[in-house]
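Colleague: Here it is, the structure, as structure tokens.
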Amino acid sequence: MESYRVHLTGVGGQGTLLATTVLAEAAILAGYHAVASEVHGMAQRGGVVESTVMVGDVKSPIISDGEADVLLGFEPVETYRAMRKCSADSVVVSNTVPVTPFSVAIGMGSYPDVDKLFDFIRGQVKKLITLNAQALAEEAGSTLSTNIVMIGALANSGALPIAKEAFEEIIRIKTKAKFVEANLRAFELGFSAP
């Protein structure tokens, strides 16, 4: 059986950990072995949050530098920072909407040019998919669904052998009842976006 290594990265409050759970459990529902691990960082203060999902014939949840088959980035700079995990064969799916760091908000720094970040990334990997996940989440009816929009884009990327229906079923199971419909809309918008 093939294996797939997915590295997820974002900042606190973006739903990276729920996305990790949805991805891992969708893989299991689809009949694959899956292992997930989380590094919370300073999630409460907008710090980096990283996690991994290994699908298939894998024993460890660790992704060494250059080993990620897929990088799912919820924030442009965090996507760029995680590029060490990628190789020329990697697929990168990234949100285009920055989360302004505190240092930038108080005038102690500046946010990099997002287009230049993506130009660099595009030159390093097999495929780059970018989308404004925040706008699609708003269209779905919940700004909190940005993470599910990103999962939808990943599901349609062709990088993983997990059926769309497996993701949808796990979203129904793992989402609070009042958010299920918005999350399913968000998933569909992300799936249709790239």
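Going by the structure tokens order, chains are called A, B, ..., each with residues numbered from 1, while ligands are numbered from 1 in the order shown.
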Near A:Ile162, within 12 Å and counting only C-alpha atoms, which residues show up once chain neighbours fewer than 2 positions away are dropped, as a ChimeraX atom specification?
Modeller: /A:4,22-34,55-56,151-152,154-160,164-170
Colleague: From a backbone DSSP assignment, name each residue in chain A labelled strand (DSSP E), as a VMD selection string.
Modeller: chain A and resid 3 to 11 34 to 39 48 to 56 68 to 73 86 to 95 127 to 131
Colleague: Could you please take those selected residues and save C-alpha atoms as a PDB file, in the first residue's frame?
Modeller:
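Output saved as again33.pdb:
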ATOM      1  CA  SER A   3       1.765   6.050   1.901  1.00  0.00           C
ATOM      2  CA  TYR A   4       0.890   9.743   1.944  1.00  0.00           C
ATOM      3  CA  ARG A   5       2.441  12.298   4.277  1.00  0.00           C
ATOM      4  CA  VAL A   6       0.439  15.471   4.899  1.00  0.00           C
ATOM      5  CA  HIS A   7       1.823  18.423   6.865  1.00  0.00           C
ATOM      6  CA  LEU A   8      -0.746  20.995   8.042  1.00  0.00           C
ATOM      7  CA  THR A   9       0.208  24.444   9.276  1.00  0.00           C
ATOM      8  CA  GLY A  10      -1.601  27.571  10.364  1.00  0.00           C
ATOM      9  CA  VAL A  11      -1.965  29.886  13.319  1.00  0.00           C
ATOM     10  CA  ALA A  34      -3.894   6.757   9.394  1.00  0.00           C
ATOM     11  CA  VAL A  35      -1.737   8.283  12.111  1.00  0.00           C
ATOM     12  CA  ALA A  36      -1.998  11.913  13.213  1.00  0.00           C
ATOM     13  CA  SER A  37       0.083  14.102  15.477  1.00  0.00           C
ATOM     14  CA  GLU A  38      -0.270  17.681  16.635  1.00  0.00           C
ATOM     15  CA  VAL A  39       2.110  20.416  17.726  1.00  0.00           C
ATOM     16  CA  VAL A  48       1.960  28.616  14.777  1.00  0.00           C
ATOM     17  CA  VAL A  49       0.023  25.355  14.931  1.00  0.00           C
ATOM     18  CA  GLU A  50       1.401  22.375  13.010  1.00  0.00           C
ATOM     19  CA  SER A  51       0.145  18.835  12.646  1.00  0.00           C
ATOM     20  CA  THR A  52       0.708  15.802  10.474  1.00  0.00           C
ATOM     21  CA  VAL A  53      -1.459  13.073   9.042  1.00  0.00           C
ATOM     22  CA  MET A  54       0.154   9.945   7.664  1.00  0.00           C
ATOM     23  CA  VAL A  55      -2.042   7.765   5.478  1.00  0.00           C
ATOM     24  CA  GLY A  56      -1.268   4.202   4.377  1.00  0.00           C
ATOM     25  CA  ALA A  68       5.774  15.764   2.763  1.00  0.00           C
ATOM     26  CA  ASP A  69       3.624  14.639  -0.142  1.00  0.00           C
ATOM     27  CA  VAL A  70       1.179  17.415   0.679  1.00  0.00           C
ATOM     28  CA  LEU A  71       1.448  20.705   2.561  1.00  0.00           C
ATOM     29  CA  LEU A  72      -1.867  22.221   3.627  1.00  0.00           C
ATOM     30  CA  GLY A  73      -1.265  25.829   4.674  1.00  0.00           C
ATOM     31  CA  CYS A  86       8.354  19.729   0.856  1.00  0.00           C
ATOM     32  CA  SER A  87      10.216  18.363  -2.145  1.00  0.00           C
ATOM     33  CA  ALA A  88       9.914  18.950  -5.886  1.00  0.00           C
ATOM     34  CA  ASP A  89       7.195  16.258  -5.900  1.00  0.00           C
ATOM     35  CA  SER A  90       5.003  17.872  -3.227  1.00  0.00           C
ATOM     36  CA  VAL A  91       1.552  19.368  -3.690  1.00  0.00           C
ATOM     37  CA  VAL A  92       0.881  22.571  -1.739  1.00  0.00           C
ATOM     38  CA  VAL A  93      -2.623  23.846  -1.005  1.00  0.00           C
ATOM     39  CA  SER A  94      -2.634  27.293   0.634  1.00  0.00           C
ATOM     40  CA  ASN A  95      -5.043  29.927   1.818  1.00  0.00           C
ATOM     41  CA  LYS A 127       1.725  21.768  -7.840  1.00  0.00           C
ATOM     42  CA  LEU A 128       0.511  24.837  -5.945  1.00  0.00           C
ATOM     43  CA  ILE A 129      -3.188  25.454  -5.349  1.00  0.00           C
ATOM     44  CA  THR A 130      -4.164  28.780  -3.780  1.00  0.00           C
ATOM     45  CA  LEU A 131      -7.571  30.031  -2.734  1.00  0.00           C
TER      46      LEU A 131
END
Colleague: Hey, which of A:Ile148, A:Ala153, A:Gly47, A:Phe120 ends up closest to A:Arg172? Count only C-alpha atoms.
Modeller: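 Ranked by minimum distance to A:Arg172, first place goes to A:Ile148.
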Colleague: Separation of atom CA of A:Ala186 and atom CA of A:Pro112, in Å?
Modeller: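 Going from atom CA of A:Ala186 over to atom CA of A:Pro112, I get 27.8 Å.
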Colleague: Nearest residue to A:Leu18 out of A:Thr96, A:Ser60, A:Gln134, A:Ser145, using only C-alpha atoms?
Modeller: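 Closest residue, counting only C-alpha atoms: A:Ser145.
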Colleague: Measuring between only C-alpha atoms, which one of A:Lys178, A:Asp115, A:Glu138, A:Ala133 shows the shortest distance to A:Phe191?
Modeller: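 Closest to A:Phe191 of all the choices is A:Ala133.
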Colleague: Can you list every residue in stretch 49-175 of chain A that DSSP puts in helix (DSSP H, G or I), as a PyMOL selection string?
Modeller: chain A and resi 76-85+102-105+114-122+133-140+143-155+164-174
Colleague: Quick check, in Å to one decimal: how far apart do atom CA of A:Thr16 and atom CA of A:Thr100 lie?
Modeller: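 Atom CA of A:Thr16 sits 17.1 Å away from atom CA of A:Thr100.
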Colleague: Do you have the atom CA of A:Val149-atom CA of A:Lys85 distance handy?
Modeller: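 Distance reported for this atom pair: 22.5 Å.
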